[in-house]
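Source file start.json; content: JSON, C-alpha atoms and all ligand atoms.
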```json
[["chain", "number", "residue", "atom", "x", "y", "z"],
["Z", 44, "MET", "CA", 31.27, -1.28, 17.36],
["Z", 45, "ASP", "CA", 30.21, 1.88, 19.22],
["Z", 46, "ALA", "CA", 27.55, 2.43, 16.59],
["Z", 47, "ILE", "CA", 26.10, -1.06, 17.08],
["Z", 48, "ALA", "CA", 26.14, -0.69, 20.87],
["Z", 49, "ALA", "CA", 24.38, 2.68, 20.53],
["Z", 50, "ALA", "CA", 21.62, 1.14, 18.38],
["Z", 51, "LYS", "CA", 21.12, -1.63, 20.96],
["Z", 52, "ARG", "CA", 20.95, 0.98, 23.71],
["Z", 53, "VAL", "CA", 18.11, 2.83, 21.90],
["Z", 54, "HIS", "CA", 16.23, -0.49, 21.48],
["Z", 55, "ARG", "CA", 16.57, -1.09, 25.21],
["Z", 56, "GLU", "CA", 15.72, 2.42, 26.37],
["Z", 57, "LEU", "CA", 12.53, 2.54, 24.31],
["Z", 58, "ASP", "CA", 11.62, -1.12, 25.00],
["Z", 59, "LEU", "CA", 11.46, -1.65, 21.24],
["Z", 60, "GLN", "CA", 11.93, -5.42, 21.21],
["Z", 61, "ARG", "CA", 8.79, -6.01, 23.24],
["Z", 62, "ARG", "CA", 6.81, -3.32, 21.43],
["Z", 63, "VAL", "CA", 7.79, -4.34, 17.91],
["Z", 64, "THR", "CA", 7.46, -8.10, 18.28],
["Z", 65, "GLY", "CA", 4.03, -7.63, 19.90],
["Z", 66, "ASP", "CA", 2.81, -5.33, 17.14],
["Z", 67, "ALA", "CA", 3.79, -4.44, 13.59],
["Z", 68, "GLY", "CA", 6.91, -6.61, 13.37],
["Z", 69, "GLN", "CA", 9.03, -3.78, 12.03],
["Z", 70, "ILE", "CA", 10.79, -0.89, 13.69],
["Z", 71, "ASP", "CA", 9.08, 2.45, 13.12],
["Z", 72, "VAL", "CA", 12.15, 4.69, 12.99],
["Z", 73, "PHE", "CA", 10.07, 7.80, 12.40],
["Z", 74, "GLU", "CA", 8.16, 7.11, 15.61],
["Z", 75, "THR", "CA", 11.45, 6.55, 17.47],
["Z", 76, "ILE", "CA", 12.82, 9.90, 16.29],
["Z", 77, "GLY", "CA", 9.64, 11.60, 17.56],
["Z", 78, "GLU", "CA", 9.84, 9.80, 20.91],
["Z", 79, "LEU", "CA", 13.42, 11.04, 21.31],
["Z", 80, "ASP", "CA", 12.15, 14.62, 20.78],
["Z", 81, "ILE", "CA", 14.25, 15.06, 17.66],
["Z", 82, "PRO", "CA", 12.45, 17.23, 15.07],
["Z", 83, "LEU", "CA", 11.88, 15.32, 11.80],
["Z", 84, "VAL", "CA", 10.54, 16.77, 8.57],
["Z", 85, "PHE", "CA", 10.08, 15.39, 5.04],
["Z", 86, "LYS", "CA", 10.87, 17.65, 2.07],
["Z", 87, "PRO", "CA", 11.26, 17.08, -1.67],
["Z", 88, "LEU", "CA", 15.06, 17.23, -1.50],
["Z", 89, "THR", "CA", 16.65, 16.57, -4.87],
["Z", 90, "SER", "CA", 20.34, 16.85, -4.10],
["Z", 91, "ALA", "CA", 20.35, 14.73, -0.92],
["Z", 92, "LEU", "CA", 18.55, 11.75, 0.59],
["Z", 93, "GLY", "CA", 18.67, 13.31, 4.02],
["Z", 94, "LEU", "CA", 20.53, 15.58, 6.38],
["Z", 95, "CYS", "CA", 20.95, 16.30, 10.05],
["Z", 96, "LEU", "CA", 21.86, 19.47, 11.89],
["Z", 97, "PRO", "CA", 25.09, 19.63, 13.90],
["Z", 98, "ALA", "CA", 25.01, 19.45, 17.75],
["Z", 99, "PRO", "CA", 23.83, 21.23, 19.85],
["Z", 100, "LEU", "CA", 21.03, 21.73, 17.31],
["Z", 101, "ARG", "CA", 18.95, 18.64, 16.69],
["Z", 102, "GLY", "CA", 16.92, 18.02, 13.60],
["Z", 103, "ILE", "CA", 16.58, 15.56, 10.72],
["Z", 104, "MET", "CA", 15.30, 16.10, 7.19],
["Z", 105, "VAL", "CA", 14.51, 13.23, 4.79],
["Z", 106, "THR", "CA", 13.59, 13.42, 1.10],
["Z", 107, "THR", "CA", 10.08, 12.60, -0.13],
["Z", 108, "ARG", "CA", 11.49, 11.58, -3.51],
["Z", 109, "ARG", "CA", 12.35, 8.00, -2.61],
["Z", 110, "GLY", "CA", 10.49, 4.87, -1.59],
["Z", 111, "LEU", "CA", 9.64, 3.96, 1.97],
["Z", 112, "HIS", "CA", 12.60, 1.59, 2.48],
["Z", 113, "ILE", "CA", 15.12, 4.27, 1.49],
["Z", 114, "GLN", "CA", 13.30, 6.86, 3.63],
["Z", 115, "ARG", "CA", 13.46, 4.51, 6.61],
["Z", 116, "PHE", "CA", 17.13, 3.72, 6.13],
["Z", 117, "THR", "CA", 17.99, 7.40, 5.59],
["Z", 118, "ALA", "CA", 16.14, 8.43, 8.76],
["Z", 119, "ALA", "CA", 17.93, 5.69, 10.73],
["Z", 120, "HIS", "CA", 21.28, 6.83, 9.29],
["Z", 121, "GLU", "CA", 20.59, 10.45, 10.33],
["Z", 122, "LEU", "CA", 19.43, 9.25, 13.75],
["Z", 123, "GLY", "CA", 22.82, 7.52, 14.01],
["Z", 124, "HIS", "CA", 24.61, 10.82, 13.40],
["Z", 125, "VAL", "CA", 22.52, 12.49, 16.14],
["Z", 126, "ILE", "CA", 22.93, 9.68, 18.71],
["Z", 127, "LEU", "CA", 26.66, 9.34, 18.03],
["Z", 128, "GLU", "CA", 27.01, 13.14, 18.34],
["Z", 129, "HIS", "CA", 28.61, 13.57, 14.94],
["Z", 130, "HIS", "CA", 29.00, 16.93, 13.29],
["Z", 131, "GLY", "CA", 26.13, 17.77, 10.91],
["Z", 132, "SER", "CA", 25.85, 15.81, 7.71],
["Z", 133, "VAL", "CA", 24.28, 16.10, 4.27],
["Z", 134, "ASP", "CA", 23.91, 12.65, 2.77],
["Z", 135, "CYS", "CA", 23.70, 12.18, -0.95],
["Z", 136, "GLU", "CA", 24.46, 8.50, -0.84],
["Z", 137, "ILE", "CA", 23.53, 6.09, 1.88],
["Z", 138, "LEU", "CA", 24.66, 2.53, 1.68],
["Z", 139, "GLU", "CA", 21.90, 0.25, 2.70],
["Z", 140, "ARG", "CA", 24.16, -2.70, 2.09],
["Z", 141, "GLY", "CA", 26.57, -2.78, 4.99],
["Z", 142, "PRO", "CA", 29.56, -4.98, 4.28],
["Z", 143, "PHE", "CA", 28.55, -5.54, 0.64],
["Z", 144, "ALA", "CA", 29.58, -1.95, -0.05],
["Z", 145, "PRO", "CA", 33.18, -0.86, -0.59],
["Z", 146, "THR", "CA", 34.12, 1.10, 2.54],
["Z", 147, "GLY", "CA", 37.63, 2.03, 1.45],
["Z", 148, "SER", "CA", 37.38, 5.74, 0.87],
["Z", 149, "ARG", "CA", 34.39, 6.53, 3.07],
["Z", 150, "ASP", "CA", 34.34, 8.93, 5.97],
["Z", 151, "LEU", "CA", 34.38, 7.00, 9.26],
["Z", 152, "GLN", "CA", 31.36, 8.89, 10.56],
["Z", 153, "GLU", "CA", 29.40, 7.77, 7.50],
["Z", 154, "VAL", "CA", 30.44, 4.16, 8.01],
["Z", 155, "ALA", "CA", 29.38, 4.42, 11.67],
["Z", 156, "ALA", "CA", 25.99, 5.98, 10.79],
["Z", 157, "ASP", "CA", 25.33, 3.17, 8.28],
["Z", 158, "ALA", "CA", 26.27, 0.55, 10.88],
["Z", 159, "PHE", "CA", 23.92, 2.19, 13.38],
["Z", 160, "ALA", "CA", 21.09, 2.25, 10.82],
["Z", 161, "ALA", "CA", 21.52, -1.40, 9.86],
["Z", 162, "GLU", "CA", 21.61, -2.62, 13.47],
["Z", 163, "PHE", "CA", 18.77, -0.32, 14.46],
["Z", 164, "LEU", "CA", 16.36, -1.44, 11.70],
["Z", 165, "LEU", "CA", 17.49, -5.06, 11.33],
["Z", 166, "PRO", "CA", 18.51, -6.42, 14.74],
["Z", 167, "ARG", "CA", 19.04, -10.13, 15.18],
["Z", 168, "TRP", "CA", 15.99, -10.41, 17.45],
["Z", 169, "LEU", "CA", 13.73, -9.14, 14.66],
["Z", 170, "TYR", "CA", 14.97, -11.89, 12.30],
["Z", 171, "ARG", "CA", 14.37, -14.44, 15.04],
["Z", 172, "HIS", "CA", 10.86, -13.09, 15.66],
["Z", 173, "HIS", "CA", 9.77, -13.44, 12.03],
["Z", 174, "ILE", "CA", 11.53, -16.75, 11.46],
["Z", 175, "ARG", "CA", 9.76, -18.20, 14.51],
["Z", 176, "SER", "CA", 6.33, -16.77, 13.85],
["Z", 177, "GLN", "CA", 6.40, -18.04, 10.26],
["Z", 178, "GLY", "CA", 7.67, -21.44, 11.34],
["Z", 179, "TRP", "CA", 10.67, -21.13, 9.02],
["Z", 180, "THR", "CA", 13.96, -22.91, 9.57],
["Z", 181, "VAL", "CA", 17.38, -21.76, 8.47],
["Z", 182, "ASN", "CA", 18.13, -24.96, 6.55],
["Z", 183, "GLY", "CA", 14.69, -25.57, 5.13],
["Z", 184, "HIS", "CA", 13.58, -22.06, 4.21],
["Z", 185, "LEU", "CA", 16.08, -19.23, 4.45],
["Z", 186, "ARG", "CA", 18.14, -20.45, 1.52],
["Z", 187, "ASN", "CA", 15.07, -19.92, -0.63],
["Z", 188, "PRO", "CA", 14.96, -16.41, -2.17],
["Z", 189, "ASP", "CA", 11.13, -16.42, -2.11],
["Z", 190, "VAL", "CA", 11.24, -16.77, 1.67],
["Z", 191, "VAL", "CA", 13.91, -14.08, 2.08],
["Z", 192, "TYR", "CA", 11.80, -11.72, -0.05],
["Z", 193, "GLN", "CA", 8.78, -12.29, 2.22],
["Z", 194, "LEU", "CA", 11.02, -11.81, 5.27],
["Z", 195, "SER", "CA", 12.21, -8.46, 3.86],
["Z", 196, "LEU", "CA", 8.63, -7.22, 3.42],
["Z", 197, "ARG", "CA", 7.80, -8.07, 7.03],
["Z", 198, "MET", "CA", 10.94, -6.33, 8.31],
["Z", 199, "GLY", "CA", 10.29, -3.19, 6.25],
["Z", 200, "ALA", "CA", 13.63, -3.37, 4.46],
["Z", 201, "SER", "CA", 14.84, -3.98, 0.93],
["Z", 202, "TYR", "CA", 15.73, -7.52, -0.20],
["Z", 203, "GLU", "CA", 19.37, -6.43, -0.38],
["Z", 204, "ALA", "CA", 19.45, -5.02, 3.16],
["Z", 205, "THR", "CA", 17.73, -8.15, 4.50],
["Z", 206, "CYS", "CA", 20.42, -10.29, 2.83],
["Z", 207, "TRP", "CA", 23.06, -8.13, 4.47],
["Z", 208, "GLY", "CA", 21.60, -8.86, 7.92],
["Z", 209, "LEU", "CA", 21.60, -12.61, 7.24],
["Z", 210, "VAL", "CA", 25.39, -12.39, 6.87],
["Z", 211, "SER", "CA", 26.13, -9.87, 9.59],
["Z", 212, "HIS", "CA", 24.12, -11.78, 12.20],
["Z", 213, "GLN", "CA", 25.74, -15.02, 10.99],
["Z", 214, "ILE", "CA", 22.40, -16.60, 10.18],
["Z", 215, "LEU", "CA", 23.74, -17.75, 6.77],
["Z", 216, "PRO", "CA", 27.31, -17.89, 5.43],
["Z", 217, "GLN", "CA", 28.49, -15.24, 2.97],
["Z", 218, "GLY", "CA", 28.63, -17.61, -0.01],
["Z", 219, "GLU", "CA", 24.99, -18.62, 0.33],
["Z", 220, "VAL", "CA", 23.86, -15.03, 0.73],
["Z", 221, "ASP", "CA", 25.85, -14.08, -2.38],
["Z", 222, "ALA", "CA", 23.75, -16.66, -4.26],
["Z", 223, "LEU", "CA", 20.53, -15.18, -2.84],
["Z", 224, "ARG", "CA", 21.60, -11.68, -3.90],
["Z", 225, "LYS", "CA", 21.97, -12.77, -7.52],
["Z", 226, "VAL", "CA", 18.24, -13.49, -7.82],
["Z", 227, "PRO", "CA", 16.33, -10.55, -9.36],
["Z", 228, "VAL", "CA", 13.53, -9.44, -7.05],
["Z", 229, "ALA", "CA", 11.28, -8.79, -10.08],
["Z", 230, "ARG", "CA", 11.33, -12.51, -10.80],
["Z", 231, "LEU", "CA", 10.26, -13.36, -7.22],
["Z", 232, "LYS", "CA", 7.33, -10.94, -7.53],
["Z", 233, "SER", "CA", 6.13, -12.21, -10.88],
["Z", 234, "LYS", "CA", 6.23, -15.82, -9.70],
["Z", 235, "LEU", "CA", 3.89, -14.97, -6.82],
["Z", 236, "GLY", "CA", 1.42, -12.85, -8.74],
["Z", 237, "GLY", "CA", 1.21, -15.23, -11.72],
["Z", 238, "GLU", "CA", -0.21, -13.31, -14.65],
["Z", 239, "PHE", "CA", -1.08, -10.41, -12.35],
["Z", 240, "LYS", "CA", 1.58, -7.85, -11.65],
["Z", 241, "PRO", "CA", 1.66, -4.95, -9.23],
["Z", 242, "ARG", "CA", 0.86, -1.67, -10.99],
["Z", 243, "ASN", "CA", 4.44, -0.46, -10.84],
["Z", 244, "SER", "CA", 7.82, -2.04, -10.58],
["Z", 245, "TRP", "CA", 8.57, -1.00, -6.99],
["Z", 246, "ALA", "CA", 5.29, -2.34, -5.56],
["Z", 247, "ASP", "CA", 5.41, -5.72, -3.83],
["Z", 248, "VAL", "CA", 3.52, -9.01, -3.72],
["Z", 249, "TRP", "CA", 2.74, -10.22, -0.20],
["Z", 250, "ARG", "CA", 2.23, -13.93, 0.32],
["Z", 251, "LEU", "CA", -0.04, -14.13, 3.37],
["Z", 252, "THR", "CA", -0.89, -17.45, 5.00],
["Z", 253, "ASN", "CA", -2.65, -18.62, 8.17],
["Z", 254, "LYS", "CA", 0.63, -17.77, 9.96],
["Z", 255, "ASP", "CA", -0.01, -14.08, 9.27],
["Z", 256, "ASN", "CA", -3.32, -14.04, 11.09],
["Z", 257, "GLY", "CA", -3.38, -10.89, 13.23],
["Z", 258, "ALA", "CA", -0.38, -9.35, 11.47],
["Z", 259, "ARG", "CA", 0.08, -5.81, 10.24],
["Z", 260, "VAL", "CA", 1.07, -5.29, 6.60],
["Z", 261, "VAL", "CA", 2.99, -2.07, 6.01],
["Z", 262, "GLY", "CA", 3.63, -1.44, 2.32],
["Z", 263, "ASN", "CA", 2.83, 0.52, -0.81],
["Z", 264, "PRO", "CA", -0.58, 1.46, -2.25],
["Z", 265, "ASP", "CA", -0.03, -0.63, -5.37],
["Z", 266, "ASP", "CA", 1.03, -3.83, -3.58],
["Z", 267, "LEU", "CA", -0.77, -7.06, -4.43],
["Z", 268, "LEU", "CA", -1.87, -9.63, -1.85],
["Z", 269, "ARG", "CA", -1.61, -13.35, -2.48],
["Z", 270, "ILE", "CA", -3.63, -14.92, 0.34],
["Z", 271, "GLU", "CA", -3.17, -18.68, 0.81],
["Z", 272, "LEU", "CA", -5.47, -20.17, 3.43],
["Z", 273, "GLU", "CA", -6.03, -23.77, 4.39],
["Z", 274, "GLU", "CA", -9.63, -24.71, 3.77],
["Z", 275, "ALA", "CA", -11.56, -27.73, 5.05],
["Z", 276, "ALA", "CA", -13.39, -28.02, 1.73],
["Z", 277, "GLY", "CA", -13.99, -31.74, 2.22],
["Z", 278, "SER", "CA", -16.10, -30.92, 5.32],
["Z", 279, "GLY", "CA", -18.03, -28.23, 3.48],
["Z", 280, "TYR", "CA", -16.11, -25.26, 4.78],
["Z", 281, "GLN", "CA", -15.22, -22.25, 2.65],
["Z", 282, "TRP", "CA", -13.56, -18.93, 3.23],
["Z", 283, "GLU", "CA", -16.05, -16.13, 2.72],
["Z", 284, "VAL", "CA", -14.37, -14.18, 0.00],
["Z", 285, "GLU", "CA", -17.30, -11.78, -0.28],
["Z", 286, "ALA", "CA", -15.95, -9.96, 2.77],
["Z", 287, "LEU", "CA", -12.94, -8.92, 0.69],
["Z", 288, "ARG", "CA", -15.13, -7.66, -2.15],
["Z", 289, "GLY", "CA", -17.30, -5.81, 0.36],
["Z", 290, "ALA", "CA", -14.19, -4.07, 1.70],
["Z", 291, "GLY", "CA", -13.37, -2.79, -1.79],
["Z", 292, "TYR", "CA", -10.80, -5.41, -2.86],
["Z", 293, "LEU", "CA", -10.58, -6.48, -6.45],
["Z", 294, "ILE", "CA", -10.22, -10.28, -6.58],
["Z", 295, "LEU", "CA", -8.03, -11.07, -9.56],
["Z", 296, "SER", "CA", -7.84, -14.80, -9.05],
["Z", 297, "ASP", "CA", -9.51, -17.38, -6.79],
["Z", 298, "GLU", "CA", -8.35, -21.00, -6.88],
["Z", 299, "SER", "CA", -8.16, -24.04, -4.67],
["Z", 300, "ALA", "CA", -5.18, -26.34, -4.63],
["Z", 301, "PHE", "CA", -5.42, -29.87, -3.30],
["Z", 302, "SER", "CA", -2.59, -32.05, -2.22],
["Z", 303, "ARG", "CA", -2.15, -34.67, -4.95],
["Z", 304, "ASP", "CA", 0.84, -36.38, -3.56],
["Z", 305, "PRO", "CA", -0.63, -38.46, -2.06],
["Z", 306, "LEU", "CA", -4.20, -37.67, -3.06],
["Z", 307, "LEU", "CA", -6.11, -37.60, 0.21],
["Z", 308, "TYR", "CA", -9.86, -37.38, 0.01],
["Z", 309, "GLY", "CA", -11.28, -35.02, 2.60],
["Z", 310, "ALA", "CA", -7.89, -33.48, 3.26],
["Z", 311, "ARG", "CA", -7.58, -29.75, 3.66],
["Z", 312, "ALA", "CA", -7.15, -27.75, 0.50],
["Z", 313, "VAL", "CA", -5.42, -24.43, 0.09],
["Z", 314, "ARG", "CA", -7.53, -21.55, -1.16],
["Z", 315, "ILE", "CA", -5.37, -19.11, -3.12],
["Z", 316, "LEU", "CA", -6.64, -15.58, -3.71],
["Z", 317, "ILE", "CA", -4.84, -12.80, -5.52],
["Z", 318, "ALA", "CA", -6.34, -9.47, -4.56],
["Z", 319, "ARG", "CA", -5.72, -5.82, -5.25],
["Z", 320, "PRO", "CA", -6.44, -3.73, -2.13],
["Z", 321, "PRO", "CA", -8.72, -0.68, -2.33],
["Z", 322, "ALA", "CA", -7.12, 2.69, -3.08],
["Z", 323, "ALA", "CA", -6.97, 3.89, 0.54],
["Z", 324, "GLY", "CA", -5.13, 0.71, 1.53],
["Z", 325, "VAL", "CA", -5.68, 1.25, 5.25],
["Z", 326, "GLY", "CA", -7.86, -0.81, 7.56],
["Z", 327, "THR", "CA", -8.41, -4.30, 8.89],
["Z", 328, "VAL", "CA", -9.91, -7.03, 6.78],
["Z", 329, "THR", "CA", -11.29, -10.22, 8.31],
["Z", 330, "LEU", "CA", -12.27, -13.40, 6.49],
["Z", 331, "ARG", "CA", -14.24, -16.22, 8.07],
["Z", 332, "GLU", "CA", -14.24, -19.88, 7.15],
["Z", 333, "THR", "CA", -17.85, -20.99, 7.40],
["Z", 334, "GLN", "CA", -19.78, -24.17, 6.62],
["Z", 335, "LEU", "CA", -21.80, -23.84, 3.44],
["Z", 336, "TRP", "CA", -25.03, -25.01, 5.03],
["Z", 337, "GLY", "CA", -24.43, -23.41, 8.41],
["Z", 338, "ASN", "CA", -25.32, -19.94, 9.58],
["Z", 339, "GLY", "CA", -21.89, -19.03, 10.75],
["Z", 340, "ALA", "CA", -20.77, -19.68, 14.30],
["Z", 341, "ALA", "CA", -18.68, -17.57, 16.63],
["Z", 342, "ASP", "CA", -15.94, -20.21, 16.71],
["Z", 343, "ASP", "CA", -15.57, -20.46, 12.92],
["Z", 344, "PRO", "CA", -11.91, -19.98, 11.96],
["Z", 345, "ALA", "CA", -11.05, -16.39, 11.07],
["Z", 346, "PHE", "CA", -8.17, -14.71, 9.29],
["Z", 347, "SER", "CA", -7.51, -11.06, 9.88],
["Z", 348, "VAL", "CA", -4.78, -8.65, 8.77],
["Z", 349, "ALA", "CA", -4.40, -4.92, 9.35],
["Z", 350, "LEU", "CA", -3.22, -3.13, 6.23],
["Z", 351, "ALA", "CA", -1.27, 0.12, 6.14],
["Z", 352, "LEU", "CA", -0.43, 0.43, 2.45],
["Z", 353, "GLN", "CA", 0.34, 4.12, 2.51],
["Z", 354, "GLY", "CA", 3.75, 4.01, 0.88],
["Z", 355, "PRO", "CA", 6.42, 6.66, 1.40],
["Z", 356, "GLU", "CA", 6.02, 9.67, 3.66],
["Z", 357, "LEU", "CA", 4.67, 12.48, 1.49],
["Z", 358, "GLY", "CA", 5.93, 15.64, 3.19],
["Z", 359, "GLY", "CA", 5.93, 17.70, 6.38],
["Z", 360, "LEU", "CA", 5.60, 15.74, 9.62],
["Z", 361, "SER", "CA", 5.80, 11.96, 9.68],
["Z", 362, "ARG", "CA", 2.56, 9.96, 10.07],
["Z", 363, "ALA", "CA", 3.84, 8.84, 13.48],
["Z", 364, "ASP", "CA", 4.29, 12.46, 14.63],
["Z", 365, "ARG", "CA", 0.81, 13.36, 13.39],
["Z", 366, "ARG", "CA", -0.65, 10.43, 15.33],
["Z", 367, "ARG", "CA", 1.26, 11.47, 18.43],
["Z", 368, "LEU", "CA", 0.15, 15.11, 18.15],
["Z", 369, "GLY", "CA", -3.45, 14.15, 17.37],
["Z", 370, "LEU", "CA", -3.36, 15.81, 13.92],
["Z", 371, "GLN", "CA", -5.20, 14.67, 10.79],
["Z", 372, "PRO", "CA", -3.29, 11.80, 9.15],
["G", 401, "ZN", "ZN", 25.67, 10.55, 6.86]]
```

As structure tokens, what does this structure read like?
Ligand SMILES: [Zn+2]
Amino acid sequence: MDAIAAAKRVHRELDLQRRVTGDAGQIDVFETIGELDIPLVFKPLTSALGLCLPAPLRGIMVTTRRGLHIQRFTAAHELGHVILEHHGSVDCEILERGPFAPTGSRDLQEVAADAFAAEFLLPRWLYRHHIRSQGWTVNGHLRNPDVVYQLSLRMGASYEATCWGLVSHQILPQGEVDALRKVPVARLKSKLGGEFKPRNSWADVWRLTNKDNGARVVGNPDDLLRIELEEAAGSGYQWEVEALRGAGYLILSDESAFSRDPLLYGARAVRILIARPPAAGVGTVTLRETQLWGNGAADDPAFSVALALQGPELGGLSRADRRRLGLQP
């Protein structure tokens, strides 16, 4: 319980709820560590995921040999050790799964650091923020593994860790979350991408809709985007897909789906694009919905997302520290 209270205290002291819900929608733990003046460095550790120095020294090291979700959870776990003033720790195994993991023989400090990490990265208010901004409901959507997968991407956590939070915050009962956890994430990805798959098995498929307008997408360089936008095709409007091509995106698929049940003439259609982002994967892309015979007007609907598909931290200082110190990214 001390660990959870400590995580909430850090949220409060750094005003993270306001900052995160008004911006990226996920907690940047590397930035937090920098703001707390705790040295953080990434190294190609092979025998450990991360470590922290004992008090009164302060310092955290995280491996470069894992994906971004594991790096984030490891950093949050080490931050827990520092905040809770534990003796130094070298962590070979970090349980991103909270109560799903057997705790029987584990050191109490390790259990506390995991509890800190889970509460720090996945607070209840962050679930509420995404559920509200997507217009999801607990009964109508959160029992659907596709929705929970999309929620996990937006929170910057694994599917498993996101399931854990659904139980621990009592958003869904244990039995229903156990059913969600049985679904293989690979199947959720392949359903979304259709015949197109991300280039590697750990990359993700983001389903972006009008609800994501203005959002920031933080992911991996090989992630695929499935963009589903309502389109007033019956009134001659179309999303200008050329803007994506111009920004270096490869459009793998471009379809329109109409509601057939009932078939409504002139009703809005849904334009579905599957796109592979350019190699750099960083920048803002804006699409406009314009009338075919018009010249484009300032009040035409627009859809814009900021992409940061940089993947794991690669070594040395974190990207957040480099930004803060004005160094080259
Ligand atoms: Zn530890």

With a cut-off of 8 Å, could you pull out the residues of chain Z touching ligand ZN 401 (chain G) and give me the nearest pair of atoms for each, distance in Å to one decimal, using only C-alpha atoms and all ligand atoms, ordered by chain and ascending number, as CSV?
```
residue,atom,partner,partner_atom,distance
Z:Leu94,CA,G:ZN401,ZN,7.2
Z:His120,CA,G:ZN401,ZN,6.2
Z:Glu121,CA,G:ZN401,ZN,6.2
Z:His124,CA,G:ZN401,ZN,6.6
Z:Ser132,CA,G:ZN401,ZN,5.3
Z:Val133,CA,G:ZN401,ZN,6.3
Z:Asp134,CA,G:ZN401,ZN,4.9
Z:Ile137,CA,G:ZN401,ZN,7.0
Z:Gln152,CA,G:ZN401,ZN,7.0
Z:Glu153,CA,G:ZN401,ZN,4.7
Z:Ala156,CA,G:ZN401,ZN,6.0
Z:Asp157,CA,G:ZN401,ZN,7.5
```

Legend entry - Nearest candidate to Arg197 in chain Z (options Z:Ile76, Z:Leu330, Z:Leu169, Z:Leu127; using only C-alpha atoms):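 Closest to Arg197 in chain Z, using only C-alpha atoms: Z:Leu169.
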
Inset, instruction - Counting all atoms listed in the file, write as an MDAnalysis selection string all protein and nucleic acid residues lying at most 12 Å from (5.9, -0.7, 18.9) in the file's frame. - result: chainID Z and resid 54 57:75 78 259 363

Inset, instruction - Would you mind reading off the distance between CA of Gly131 in chain Z and CA of Pro99 in chain Z, one decimal, in Å? - result: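 Result for CA of Gly131 in chain Z versus CA of Pro99 in chain Z: 9.9 Å, one decimal.
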
Legend entry - Atomic distance CA of Leu251 in chain Z - CA of Glu271 in chain Z, expressed in Å with one decimal: 6.1 Å

Legend entry - Polymer residues at most 7 Å from range 228-237 of chain Z, all atoms listed in the file, same-chain spacing of 2 or more positions, as number ranges by chain: Z: 189, 226, 239-240, 247-248, 269

Generate the output file for the selected residues, C-alpha atoms, as an mmCIF file, keeping the file's coordinate frame.
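Output contents, as saved in selection29.cif:
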```cif
data_model
loop_
_atom_site.group_PDB
_atom_site.id
_atom_site.type_symbol
_atom_site.label_atom_id
_atom_site.label_comp_id
_atom_site.auth_asym_id
_atom_site.auth_seq_id
_atom_site.Cartn_x
_atom_site.Cartn_y
_atom_site.Cartn_z
ATOM 1 C CA ASP Z 189 11.130 -16.420 -2.110
ATOM 2 C CA VAL Z 226 18.240 -13.490 -7.820
ATOM 3 C CA PHE Z 239 -1.080 -10.410 -12.350
ATOM 4 C CA LYS Z 240 1.580 -7.850 -11.650
ATOM 5 C CA ASP Z 247 5.410 -5.720 -3.830
ATOM 6 C CA VAL Z 248 3.520 -9.010 -3.720
ATOM 7 C CA ARG Z 269 -1.610 -13.350 -2.480
#
```

Inset, instruction - Figure out the distance between CA of Ser90 in chain Z and CA of Glu136 in chain Z, please, to one decimal in Å. - result: 9.9 Å

Completion of range 93-103 of chain Z up to N, CA and C atoms, as a PDB file, in the frame of the given file:
```
ATOM      1  N   GLY Z  93      19.031  12.843   2.686  1.00  0.00           N
ATOM      2  CA  GLY Z  93      18.670  13.310   4.020  1.00  0.00           C
ATOM      3  C   GLY Z  93      19.788  14.139   4.596  1.00  0.00           C
ATOM      4  N   LEU Z  94      19.485  14.807   5.701  1.00  0.00           N
ATOM      5  CA  LEU Z  94      20.530  15.580   6.380  1.00  0.00           C
ATOM      6  C   LEU Z  94      20.182  15.702   7.847  1.00  0.00           C
ATOM      7  N   CYS Z  95      21.213  16.014   8.652  1.00  0.00           N
ATOM      8  CA  CYS Z  95      20.950  16.300  10.050  1.00  0.00           C
ATOM      9  C   CYS Z  95      21.757  17.517  10.465  1.00  0.00           C
ATOM     10  N   LEU Z  96      21.221  18.254  11.419  1.00  0.00           N
ATOM     11  CA  LEU Z  96      21.860  19.470  11.890  1.00  0.00           C
ATOM     12  C   LEU Z  96      22.961  19.108  12.881  1.00  0.00           C
ATOM     13  N   PRO Z  97      24.012  19.928  12.947  1.00  0.00           N
ATOM     14  CA  PRO Z  97      25.090  19.630  13.900  1.00  0.00           C
ATOM     15  C   PRO Z  97      24.650  19.901  15.335  1.00  0.00           C
ATOM     16  N   ALA Z  98      25.262  19.188  16.320  1.00  0.00           N
ATOM     17  CA  ALA Z  98      25.010  19.450  17.750  1.00  0.00           C
ATOM     18  C   ALA Z  98      25.496  20.875  18.036  1.00  0.00           C
ATOM     19  N   PRO Z  99      24.905  21.649  18.949  1.00  0.00           N
ATOM     20  CA  PRO Z  99      23.830  21.230  19.850  1.00  0.00           C
ATOM     21  C   PRO Z  99      22.431  21.329  19.231  1.00  0.00           C
ATOM     22  N   LEU Z 100      22.341  21.754  17.967  1.00  0.00           N
ATOM     23  CA  LEU Z 100      21.030  21.730  17.310  1.00  0.00           C
ATOM     24  C   LEU Z 100      20.657  20.270  17.086  1.00  0.00           C
ATOM     25  N   ARG Z 101      19.382  19.990  17.016  1.00  0.00           N
ATOM     26  CA  ARG Z 101      18.950  18.640  16.690  1.00  0.00           C
ATOM     27  C   ARG Z 101      17.863  18.760  15.643  1.00  0.00           C
ATOM     28  N   GLY Z 102      17.953  17.970  14.617  1.00  0.00           N
ATOM     29  CA  GLY Z 102      16.920  18.020  13.600  1.00  0.00           C
ATOM     30  C   GLY Z 102      17.326  17.163  12.424  1.00  0.00           C
ATOM     31  N   ILE Z 103      16.322  16.473  11.834  1.00  0.00           N
ATOM     32  CA  ILE Z 103      16.580  15.560  10.720  1.00  0.00           C
ATOM     33  C   ILE Z 103      15.619  15.902   9.593  1.00  0.00           C
TER      34      ILE Z 103
END
```
